[in-house]
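Printed here is protein-v7.pdb (PDB, C-alpha atoms):
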ATOM      1  CA  MET A 259     -15.534  13.141 -46.845
ATOM      2  CA  GLU A 260     -15.352  13.730 -50.562
ATOM      3  CA  ARG A 261     -16.204  10.587 -52.529
ATOM      4  CA  MET A 262     -15.002   9.348 -55.888
ATOM      5  CA  GLY A 263     -16.903   7.240 -58.405
ATOM      6  CA  LYS A 264     -17.884   3.720 -57.335
ATOM      7  CA  GLU A 265     -18.302   1.976 -60.682
ATOM      8  CA  LYS A 266     -14.706   0.703 -60.583
ATOM      9  CA  MET A 267     -11.491   1.414 -58.777
ATOM     10  CA  LYS A 268     -10.287   4.861 -59.734
ATOM     11  CA  THR A 269      -6.722   4.924 -60.992
ATOM     12  CA  TYR A 270      -4.313   7.825 -60.693
ATOM     13  CA  THR A 271      -1.515   8.764 -63.049
ATOM     14  CA  TYR A 272       0.851  11.686 -63.301
ATOM     15  CA  THR A 273       2.738  13.493 -66.027
ATOM     16  CA  GLU A 274       5.059  15.524 -63.826
ATOM     17  CA  LYS A 275       6.900  15.396 -60.530
ATOM     18  CA  LYS A 276       7.507  18.484 -58.448
ATOM     19  CA  ASP A 277       8.548  19.251 -54.890
ATOM     20  CA  THR A 278       5.839  20.229 -52.427
ATOM     21  CA  ARG A 279       7.927  23.174 -51.175
ATOM     22  CA  SER A 280       7.422  24.729 -54.617
ATOM     23  CA  GLY A 281       3.681  24.371 -54.062
ATOM     24  CA  PHE A 282       4.107  26.443 -50.928
ATOM     25  CA  GLY A 283       6.062  29.068 -52.861
ATOM     26  CA  ALA A 284       3.374  29.256 -55.551
ATOM     27  CA  GLY A 285       0.618  29.550 -52.967
ATOM     28  CA  LEU A 286       2.451  32.252 -51.045
ATOM     29  CA  ALA A 287       3.000  34.241 -54.245
ATOM     30  CA  GLU A 288      -0.724  34.015 -55.010
ATOM     31  CA  LEU A 289      -1.558  35.258 -51.521
ATOM     32  CA  GLY A 290       0.819  38.165 -52.045
ATOM     33  CA  ARG A 291      -1.316  39.276 -54.974
ATOM     34  CA  THR A 292      -4.704  38.777 -53.340
ATOM     35  CA  ASN A 293      -4.336  39.386 -49.590
ATOM     36  CA  PRO A 294      -2.542  42.586 -48.503
ATOM     37  CA  ASP A 295      -2.411  41.418 -44.881
ATOM     38  CA  VAL A 296      -0.154  38.456 -45.668
ATOM     39  CA  VAL A 297       3.499  38.985 -44.740
ATOM     40  CA  ALA A 298       6.386  36.526 -44.901
ATOM     41  CA  LEU A 299       9.375  35.902 -42.653
ATOM     42  CA  CYS A 300      12.296  33.551 -43.218
ATOM     43  CA  ALA A 301      15.296  32.338 -41.238
ATOM     44  CA  ASP A 302      17.956  32.623 -43.941
ATOM     45  CA  LEU A 303      16.497  29.893 -46.196
ATOM     46  CA  THR A 304      14.445  31.740 -48.800
ATOM     47  CA  PRO A 305      15.699  29.723 -51.830
ATOM     48  CA  SER A 306      14.978  26.438 -50.059
ATOM     49  CA  LEU A 307      11.483  27.630 -49.109
ATOM     50  CA  LYS A 308      10.803  28.888 -52.673
ATOM     51  CA  MET A 309       9.798  32.326 -51.369
ATOM     52  CA  GLY A 310      11.534  34.269 -54.131
ATOM     53  CA  GLU A 311       8.441  35.160 -56.151
ATOM     54  CA  PHE A 312       6.646  36.597 -53.125
ATOM     55  CA  ILE A 313       9.743  38.607 -52.166
ATOM     56  CA  GLU A 314      10.238  39.995 -55.680
ATOM     57  CA  GLU A 315       6.629  41.158 -55.902
ATOM     58  CA  ASN A 316       6.245  42.294 -52.270
ATOM     59  CA  PRO A 317       9.656  43.356 -50.903
ATOM     60  CA  GLU A 318       8.071  45.611 -48.273
ATOM     61  CA  ARG A 319       6.100  42.643 -46.874
ATOM     62  CA  PHE A 320       9.066  40.314 -46.420
ATOM     63  CA  PHE A 321      11.336  40.129 -43.378
ATOM     64  CA  GLN A 322      14.635  38.249 -43.372
ATOM     65  CA  VAL A 323      15.395  37.518 -39.708
ATOM     66  CA  GLY A 324      18.543  35.472 -40.273
ATOM     67  CA  ILE A 325      19.442  32.304 -38.387
ATOM     68  CA  ALA A 326      17.299  33.294 -35.427
ATOM     69  CA  GLU A 327      14.227  31.074 -35.555
ATOM     70  CA  ALA A 328      13.072  31.800 -32.004
ATOM     71  CA  ASN A 329      13.160  35.511 -32.721
ATOM     72  CA  MET A 330      11.214  34.916 -35.943
ATOM     73  CA  MET A 331       8.372  33.278 -34.017
ATOM     74  CA  GLY A 332       8.234  36.180 -31.560
ATOM     75  CA  ILE A 333       8.181  38.748 -34.361
ATOM     76  CA  ALA A 334       5.435  36.831 -36.166
ATOM     77  CA  ALA A 335       3.312  36.678 -33.018
ATOM     78  CA  GLY A 336       3.676  40.443 -32.576
ATOM     79  CA  MET A 337       2.699  41.144 -36.172
ATOM     80  CA  THR A 338      -0.680  39.480 -35.677
ATOM     81  CA  ILE A 339      -1.596  42.117 -33.095
ATOM     82  CA  GLY A 340      -1.557  44.675 -35.905
ATOM     83  CA  GLY A 341      -3.782  42.524 -38.096
ATOM     84  CA  LYS A 342      -1.081  40.971 -40.254
ATOM     85  CA  ILE A 343      -1.086  37.297 -41.261
ATOM     86  CA  PRO A 344       2.534  36.162 -40.954
ATOM     87  CA  PHE A 345       3.861  33.100 -42.779
ATOM     88  CA  THR A 346       7.148  31.936 -41.267
ATOM     89  CA  GLY A 347       9.508  29.771 -43.307
ATOM     90  CA  THR A 348      12.360  27.447 -42.375
ATOM     91  CA  PHE A 349      13.219  23.731 -42.241
ATOM     92  CA  ALA A 350      10.775  21.586 -40.249
ATOM     93  CA  ASN A 351      13.416  20.679 -37.671
ATOM     94  CA  PHE A 352      14.127  24.336 -36.940
ATOM     95  CA  ALA A 353      10.459  25.376 -37.233
ATOM     96  CA  THR A 354       9.380  23.044 -34.428
ATOM     97  CA  GLY A 355      12.077  21.368 -32.331
ATOM     98  CA  ARG A 356      14.363  24.387 -32.091
ATOM     99  CA  VAL A 357      11.611  26.858 -31.173
ATOM    100  CA  TYR A 358       8.976  24.807 -29.389
ATOM    101  CA  ASP A 359       8.957  27.057 -26.353
ATOM    102  CA  GLN A 360       8.365  30.197 -28.430
ATOM    103  CA  ILE A 361       5.567  28.520 -30.406
ATOM    104  CA  ARG A 362       3.895  27.276 -27.253
ATOM    105  CA  GLN A 363       4.183  30.448 -25.212
ATOM    106  CA  SER A 364       3.968  33.237 -27.803
ATOM    107  CA  ILE A 365       1.734  31.697 -30.492
ATOM    108  CA  ALA A 366      -0.377  28.739 -29.351
ATOM    109  CA  TYR A 367      -1.144  29.881 -25.796
ATOM    110  CA  SER A 368      -2.807  33.070 -27.000
ATOM    111  CA  GLY A 369      -4.086  31.667 -30.317
ATOM    112  CA  LYS A 370      -2.029  33.996 -32.500
ATOM    113  CA  ASN A 371      -2.801  33.928 -36.217
ATOM    114  CA  VAL A 372       0.650  32.680 -37.276
ATOM    115  CA  LYS A 373       1.215  30.209 -40.106
ATOM    116  CA  ILE A 374       4.267  28.046 -39.354
ATOM    117  CA  CYS A 375       5.408  26.772 -42.743
ATOM    118  CA  ALA A 376       7.988  23.996 -42.580
ATOM    119  CA  SER A 377       9.951  22.495 -45.456
ATOM    120  CA  HIS A 378      12.384  19.554 -45.655
ATOM    121  CA  ALA A 379      10.335  17.404 -43.264
ATOM    122  CA  GLY A 380      10.894  13.700 -42.690
ATOM    123  CA  LEU A 381      13.420  11.224 -44.074
ATOM    124  CA  THR A 382      13.163  12.565 -47.619
ATOM    125  CA  LEU A 383      15.399  15.460 -46.648
ATOM    126  CA  GLY A 384      17.952  12.791 -47.556
ATOM    127  CA  GLU A 385      21.667  13.390 -47.459
ATOM    128  CA  ASP A 386      21.554  16.075 -44.742
ATOM    129  CA  GLY A 387      21.097  13.273 -42.232
ATOM    130  CA  ALA A 388      19.427  12.644 -38.890
ATOM    131  CA  THR A 389      20.090  16.057 -37.348
ATOM    132  CA  HIS A 390      17.876  17.666 -39.992
ATOM    133  CA  GLN A 391      15.375  14.848 -40.619
ATOM    134  CA  ILE A 392      12.766  15.586 -37.991
ATOM    135  CA  LEU A 393      10.299  12.739 -37.544
ATOM    136  CA  GLU A 394       8.604  14.080 -34.428
ATOM    137  CA  ASP A 395       7.219  17.399 -35.637
ATOM    138  CA  ILE A 396       3.624  16.297 -36.232
ATOM    139  CA  GLY A 397       3.452  14.996 -32.683
ATOM    140  CA  LEU A 398       4.958  18.178 -31.254
ATOM    141  CA  MET A 399       2.535  20.396 -33.112
ATOM    142  CA  LYS A 400      -0.666  18.385 -32.760
ATOM    143  CA  MET A 401      -0.328  18.349 -28.968
ATOM    144  CA  LEU A 402      -0.499  22.138 -28.805
ATOM    145  CA  PRO A 403      -4.060  23.264 -28.008
ATOM    146  CA  GLY A 404      -5.688  25.033 -30.948
ATOM    147  CA  MET A 405      -2.923  24.222 -33.431
ATOM    148  CA  VAL A 406      -4.064  23.028 -36.865
ATOM    149  CA  VAL A 407      -1.682  20.496 -38.466
ATOM    150  CA  ILE A 408      -1.627  20.010 -42.252
ATOM    151  CA  ASN A 409       0.557  17.672 -44.329
ATOM    152  CA  PRO A 410      -0.410  17.832 -48.056
ATOM    153  CA  CYS A 411       0.531  15.184 -50.604
ATOM    154  CA  ASP A 412       1.695  16.955 -53.782
ATOM    155  CA  PHE A 413       2.462  20.316 -55.407
ATOM    156  CA  ASN A 414      -1.142  21.202 -56.209
ATOM    157  CA  GLN A 415      -2.483  20.319 -52.802
ATOM    158  CA  THR A 416       0.313  22.198 -51.036
ATOM    159  CA  LYS A 417      -0.427  25.314 -53.080
ATOM    160  CA  ALA A 418      -4.147  25.040 -52.289
ATOM    161  CA  ALA A 419      -3.452  24.443 -48.593
ATOM    162  CA  THR A 420      -1.154  27.478 -48.398
ATOM    163  CA  ILE A 421      -3.896  29.690 -49.813
ATOM    164  CA  ALA A 422      -6.567  28.150 -47.569
ATOM    165  CA  ILE A 423      -4.757  28.596 -44.251
ATOM    166  CA  ALA A 424      -4.616  32.371 -44.742
ATOM    167  CA  LYS A 425      -8.393  32.388 -44.204
ATOM    168  CA  HIS A 426      -8.210  30.327 -41.018
ATOM    169  CA  LYS A 427      -8.094  32.368 -37.824
ATOM    170  CA  GLY A 428      -5.518  30.851 -35.519
ATOM    171  CA  PRO A 429      -2.147  29.074 -35.573
ATOM    172  CA  VAL A 430      -1.409  26.529 -38.304
ATOM    173  CA  TYR A 431       1.487  24.140 -38.872
ATOM    174  CA  LEU A 432       1.955  23.427 -42.593
ATOM    175  CA  ARG A 433       4.427  20.627 -43.375
ATOM    176  CA  PHE A 434       5.984  19.913 -46.797
ATOM    177  CA  GLY A 435       9.151  18.527 -48.338
ATOM    178  CA  ARG A 436      12.116  18.779 -50.680
ATOM    179  CA  PRO A 437      11.948  15.791 -53.090
ATOM    180  CA  LYS A 438      10.059  15.828 -56.355
ATOM    181  CA  VAL A 439       6.923  13.692 -56.059
ATOM    182  CA  PRO A 440       4.091  12.884 -58.505
ATOM    183  CA  ILE A 441       1.437  15.561 -59.038
ATOM    184  CA  PHE A 442      -1.879  13.712 -59.106
ATOM    185  CA  THR A 443      -4.440  16.012 -57.462
ATOM    186  CA  PRO A 444      -6.380  18.674 -59.425
ATOM    187  CA  ASP A 445      -4.752  22.054 -60.046
ATOM    188  CA  ASP A 446      -8.086  23.805 -59.435
ATOM    189  CA  GLN A 447      -8.929  22.101 -56.136
ATOM    190  CA  THR A 448     -10.421  23.881 -53.152
ATOM    191  CA  PHE A 449      -8.671  22.876 -49.962
ATOM    192  CA  GLU A 450     -10.913  22.258 -46.974
ATOM    193  CA  ILE A 451      -9.188  22.051 -43.601
ATOM    194  CA  GLY A 452     -10.181  18.917 -41.693
ATOM    195  CA  LYS A 453     -11.927  17.206 -44.641
ATOM    196  CA  ALA A 454     -10.429  13.886 -45.716
ATOM    197  CA  ILE A 455     -10.504  12.902 -49.387
ATOM    198  CA  GLN A 456     -11.447   9.386 -50.406
ATOM    199  CA  LEU A 457      -9.305   8.480 -53.410
ATOM    200  CA  THR A 458     -10.436   4.896 -54.027
ATOM    201  CA  GLU A 459     -13.306   2.818 -52.709
ATOM    202  CA  GLY A 460     -12.705  -0.609 -51.196
ATOM    203  CA  THR A 461     -14.211  -3.306 -49.042
ATOM    204  CA  ASP A 462     -11.305  -5.320 -47.609
ATOM    205  CA  VAL A 463      -8.955  -2.804 -45.978
ATOM    206  CA  THR A 464      -8.781   0.934 -45.316
ATOM    207  CA  ILE A 465      -5.487   2.703 -45.995
ATOM    208  CA  VAL A 466      -5.225   6.230 -44.616
ATOM    209  CA  ALA A 467      -2.086   8.083 -45.616
ATOM    210  CA  THR A 468      -0.640  11.566 -45.357
ATOM    211  CA  GLY A 469       1.991  13.578 -47.217
ATOM    212  CA  HIS A 470       4.399  11.680 -49.472
ATOM    213  CA  LEU A 471       2.869   8.352 -48.436
ATOM    214  CA  VAL A 472      -0.448   9.102 -50.196
ATOM    215  CA  TRP A 473       1.002   8.322 -53.622
ATOM    216  CA  GLU A 474       2.649   5.189 -52.197
ATOM    217  CA  ALA A 475      -0.745   4.125 -50.826
ATOM    218  CA  LEU A 476      -2.303   4.509 -54.274
ATOM    219  CA  GLU A 477       0.467   2.440 -55.824
ATOM    220  CA  ALA A 478      -0.043  -0.187 -53.134
ATOM    221  CA  SER A 479      -3.780  -0.333 -53.838
ATOM    222  CA  LYS A 480      -3.100  -1.281 -57.468
ATOM    223  CA  VAL A 481      -0.938  -4.238 -56.466
ATOM    224  CA  LEU A 482      -3.422  -5.301 -53.816
ATOM    225  CA  LEU A 483      -6.229  -5.252 -56.383
ATOM    226  CA  ASP A 484      -4.199  -7.595 -58.597
ATOM    227  CA  LYS A 485      -4.043  -9.900 -55.574
ATOM    228  CA  GLY A 486      -7.800  -9.761 -55.169
ATOM    229  CA  ILE A 487      -7.751  -7.297 -52.255
ATOM    230  CA  SER A 488     -10.007  -4.234 -52.436
ATOM    231  CA  ALA A 489      -8.339  -1.287 -50.666
ATOM    232  CA  GLU A 490     -10.023   1.993 -49.778
ATOM    233  CA  VAL A 491      -7.426   4.789 -49.860
ATOM    234  CA  ILE A 492      -8.046   8.024 -47.970
ATOM    235  CA  ASN A 493      -5.856  11.132 -48.122
ATOM    236  CA  ILE A 494      -5.582  12.573 -44.615
ATOM    237  CA  HIS A 495      -4.029  15.933 -45.441
ATOM    238  CA  THR A 496      -5.228  17.444 -42.143
ATOM    239  CA  ILE A 497      -4.004  15.540 -39.113
ATOM    240  CA  LYS A 498      -5.582  18.004 -36.708
ATOM    241  CA  PRO A 499      -8.539  18.451 -36.739
ATOM    242  CA  LEU A 500      -8.830  14.845 -37.872
ATOM    243  CA  ASP A 501     -11.791  13.752 -39.992
ATOM    244  CA  ASP A 502     -13.052  11.120 -37.537
ATOM    245  CA  LYS A 503     -16.209  10.428 -39.545
ATOM    246  CA  ALA A 504     -14.297   9.582 -42.719
ATOM    247  CA  ILE A 505     -12.206   7.030 -40.844
ATOM    248  CA  LEU A 506     -15.130   5.469 -38.988
ATOM    249  CA  ASP A 507     -17.333   5.280 -42.092
ATOM    250  CA  SER A 508     -14.552   3.480 -43.949
ATOM    251  CA  VAL A 509     -13.664   0.921 -41.288
ATOM    252  CA  ALA A 510     -17.369   0.157 -40.861
ATOM    253  CA  LYS A 511     -17.105  -1.323 -44.382
ATOM    254  CA  THR A 512     -13.616  -2.808 -44.327
ATOM    255  CA  GLY A 513     -13.148  -3.880 -40.711
ATOM    256  CA  CYS A 514      -9.423  -3.038 -40.573
ATOM    257  CA  ILE A 515      -7.026  -0.193 -41.285
ATOM    258  CA  VAL A 516      -3.429   0.686 -42.185
ATOM    259  CA  THR A 517      -2.006   4.128 -41.423
ATOM    260  CA  ALA A 518       0.952   5.422 -43.446
ATOM    261  CA  GLU A 519       3.120   8.458 -42.702
ATOM    262  CA  GLU A 520       6.661   9.785 -43.086
ATOM    263  CA  HIS A 521       6.907  10.280 -39.327
ATOM    264  CA  ASN A 522       7.561   8.393 -36.131
ATOM    265  CA  ILE A 523       4.643   6.058 -35.357
ATOM    266  CA  PHE A 524       4.818   7.424 -31.815
ATOM    267  CA  GLY A 525       2.843  10.657 -31.873
ATOM    268  CA  GLY A 526       1.888  10.793 -35.536
ATOM    269  CA  LEU A 527      -1.179  10.182 -37.676
ATOM    270  CA  GLY A 528      -1.356   6.527 -36.691
ATOM    271  CA  GLU A 529      -1.765   7.291 -33.018
ATOM    272  CA  SER A 530      -4.452   9.875 -33.755
ATOM    273  CA  VAL A 531      -6.357   7.274 -35.762
ATOM    274  CA  ALA A 532      -5.896   4.699 -32.987
ATOM    275  CA  ARG A 533      -7.538   7.105 -30.542
ATOM    276  CA  VAL A 534     -10.540   7.503 -32.830
ATOM    277  CA  LEU A 535     -10.881   3.740 -33.198
ATOM    278  CA  ALA A 536     -10.385   2.975 -29.513
ATOM    279  CA  THR A 537     -13.106   5.395 -28.442
ATOM    280  CA  ASN A 538     -15.597   4.558 -31.186
ATOM    281  CA  SER A 539     -15.056   1.348 -33.144
ATOM    282  CA  PRO A 540     -12.009  -0.782 -32.318
ATOM    283  CA  VAL A 541     -10.707  -2.698 -35.349
ATOM    284  CA  PRO A 542      -7.280  -4.176 -36.202
ATOM    285  CA  GLN A 543      -4.721  -1.522 -37.174
ATOM    286  CA  GLU A 544      -1.201  -1.692 -38.608
ATOM    287  CA  PHE A 545       1.274   1.184 -38.769
ATOM    288  CA  VAL A 546       3.607   2.298 -41.560
ATOM    289  CA  GLY A 547       6.089   4.858 -40.241
ATOM    290  CA  THR A 548       9.460   5.014 -38.539
ATOM    291  CA  ASN A 549       9.602   2.990 -35.344
ATOM    292  CA  ASP A 550      11.197   5.002 -32.517
ATOM    293  CA  THR A 551      14.330   5.803 -34.490
ATOM    294  CA  PHE A 552      16.293   8.684 -35.934
ATOM    295  CA  GLY A 553      17.126   8.772 -39.631
ATOM    296  CA  GLU A 554      20.512   8.778 -41.350
ATOM    297  CA  SER A 555      22.204  10.118 -44.461
ATOM    298  CA  GLY A 556      21.171   8.683 -47.827
ATOM    299  CA  THR A 557      19.084   9.425 -50.880
ATOM    300  CA  PRO A 558      15.346   9.814 -50.256
ATOM    301  CA  ALA A 559      14.616   6.577 -52.154
ATOM    302  CA  GLN A 560      17.219   4.630 -50.182
ATOM    303  CA  LEU A 561      15.889   5.884 -46.879
ATOM    304  CA  MET A 562      12.227   5.263 -47.719
ATOM    305  CA  GLU A 563      13.175   1.706 -48.670
ATOM    306  CA  LYS A 564      15.320   1.033 -45.597
ATOM    307  CA  TYR A 565      12.796   2.428 -43.117
ATOM    308  CA  GLY A 566       9.772   0.834 -44.786
ATOM    309  CA  LEU A 567       8.001   3.965 -45.992
ATOM    310  CA  ASN A 568       6.855   2.848 -49.425
ATOM    311  CA  SER A 569       4.192   0.928 -51.304
ATOM    312  CA  ALA A 570       5.812  -2.439 -50.550
ATOM    313  CA  ALA A 571       5.551  -1.787 -46.820
ATOM    314  CA  ILE A 572       1.916  -0.700 -47.157
ATOM    315  CA  ILE A 573       1.094  -3.880 -49.103
ATOM    316  CA  ASN A 574       2.712  -6.004 -46.404
ATOM    317  CA  LYS A 575       0.829  -4.253 -43.612
ATOM    318  CA  ALA A 576      -2.458  -4.485 -45.510
ATOM    319  CA  GLU A 577      -2.106  -8.230 -45.931
ATOM    320  CA  THR A 578      -1.143  -8.557 -42.272
ATOM    321  CA  VAL A 579      -4.062  -6.541 -40.921
ATOM    322  CA  ILE A 580      -6.618  -8.405 -43.058
ATOM    323  CA  LYS A 581      -5.503 -11.660 -41.439
ATOM    324  CA  ARG A 582      -6.220 -10.133 -38.023
ATOM    325  CA  LYS A 583      -9.899  -9.466 -38.764
TER     326      LYS A 583
END

Structure encoded using structure tokens:
Amino acid sequence: MERMGKEKMKTYTYTEKKDTRSGFGAGLAELGRTNPDVVALCADLTPSLKMGEFIEENPERFFQVGIAEANMMGIAAGMTIGGKIPFTGTFANFATGRVYDQIRQSIAYSGKNVKICASHAGLTLGEDGATHQILEDIGLMKMLPGMVVINPCDFNQTKAATIAIAKHKGPVYLRFGRPKVPIFTPDDQTFEIGKAIQLTEGTDVTIVATGHLVWEALEASKVLLDKGISAEVINIHTIKPLDDKAILDSVAKTGCIVTAEEHNIFGGLGESVARVLATNSPVPQEFVGTNDTFGESGTPAQLMEKYGLNSAAIINKAETVIKRK
């Protein structure tokens, strides 16, 4: 686990907000310039996936398959046999739930080197409503043997993750979103699959968060500090393989943990962390995530507030779990 300075609580600020899907687009464009084996496929959503730059520079390496996601997964699997590294692009709901059979049978079962890149994940898809707001995709993907599952937190980390997964041999699920969120990680970072990043050090409670909830966890830690509570915040960008050591090292100091994710608490990051704790070092745990429910139409901010996926919810859970120690 990467560690930050210990002399005082590190604070994070931002000067710009940008959508994580644009980080994917920037990373894919960079790969187009540096890795001739990378090809891209899309199911009629290239503007939404920000794939335009890659297409403009590499038209012969892009394949528009139309609204035929299952076919896209089969084509991508076949391309790997010839040594290509296919990046598929569509909304998270269509990239997982609609084509789970094809991913399982044609990609995961034989360990094909396909990168399943999924935008518009979670509640922050917003006004498109419950039919498009998949909150089960992390669970679906992490249960597939050999599948790597990555959920970066901002533009810079999504770009770095996109570049990094091209070097990984095997299937990867890369999850990102539509709303503009703070950019607070370095633009020159090296992304390491399966390596958690400690953002702040603390002694009273561990907060592990993924995706859009990482920034909310940092905001929560500031309020908690004002209340005299020292929170250790860890960015879990890779849900599988999970950095067990980072989690266990942290709870050995704090004695309790809060998990935060824009996903159903059944099958998500929280349950993966609970497994690690149960088999190694049981401590009190509280969950921030949706609780066995579908979403609904609304702005991202409205939905995050209603379903308790924000800093206020993390603060509440942190105070609750500390009392359980």

| message | If the PyMOL selection byres ((chain A and resi 443-460) around 8) were run on this exact file, what residues would it hold? Put them as a ChimeraX atom specification. | response | /A:259-262,264,267-269,408,412,414-415,418-419,422-423,441-442,461-464,488-501,504,512

Using all atoms listed in the file, I'd like a table of the residues in range 497-520 of chain A that come within 7 Å of range 525-543 of chain A; for each, show the closest atom pair and its distance in Å rounded to one decimal, ordered by chain and ascending number, as a Markdown table.
| residue | atom | partner | partner_atom | distance |
| --- | --- | --- | --- | --- |
| A:Ile497 | CA | A:Leu527 | CA | 6.2 |
| A:Asp502 | CA | A:Val534 | CA | 6.4 |
| A:Gly513 | CA | A:Val541 | CA | 6.0 |
| A:Cys514 | CA | A:Pro542 | CA | 5.0 |
| A:Ile515 | CA | A:Gln543 | CA | 4.9 |
| A:Val516 | CA | A:Gln543 | CA | 5.6 |
| A:Thr517 | CA | A:Gly528 | CA | 5.3 |
| A:Glu519 | CA | A:Leu527 | CA | 6.8 |

Write out the residues from the selection above, keeping C-alpha atoms, as a CSV table (one decimal), keeping the file's coordinate frame.
chain,number,residue,atom,x,y,z
A,497,ILE,CA,-4.0,15.5,-39.1
A,502,ASP,CA,-13.1,11.1,-37.5
A,513,GLY,CA,-13.1,-3.9,-40.7
A,514,CYS,CA,-9.4,-3.0,-40.6
A,515,ILE,CA,-7.0,-0.2,-41.3
A,516,VAL,CA,-3.4,0.7,-42.2
A,517,THR,CA,-2.0,4.1,-41.4
A,519,GLU,CA,3.1,8.5,-42.7

| task | Taking the file as shown, find all residues satisfying the PyMOL selection byres ((chain A and resi 307) around 10) and write them as an MDAnalysis selection string. | result | chainID A and resid 278:283 300:306 308:310 346:349 375:378 434:436

| Written as a ChimeraX atom specification, what is the full residue list that the PyMOL selection byres ((chain A and resi 333-339) around 10) yields on the file shown? | /A:295,297-299,321,323,327-332,340-346,360-361,364-366,368-374,428-429

| said: If I take CA of Ala424 in chain A and CA of Thr292 in chain A, how far is one from the other in Å, to one decimal? | reply: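 Answer for the CA of Ala424 in chain A to CA of Thr292 in chain A separation: 10.7 Å.
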
| query | Closest to Met399 in chain A among A:Ala570, A:Ile421, A:Cys411, A:Leu432, using all atoms listed in the file? | reply |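 Of A:Ala570, A:Ile421, A:Cys411, A:Leu432, the one nearest Met399 in chain A, counting all atoms listed in the file, is A:Leu432.
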
| said: Given all atoms listed in the file as the basis, pick out the residue of A:Tyr431, A:Leu398, A:Ile573, A:Gly469 nearest to Val481 in chain A. | reply: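 Looking at the shortest contact to Val481 in chain A, the residue is A:Ile573.
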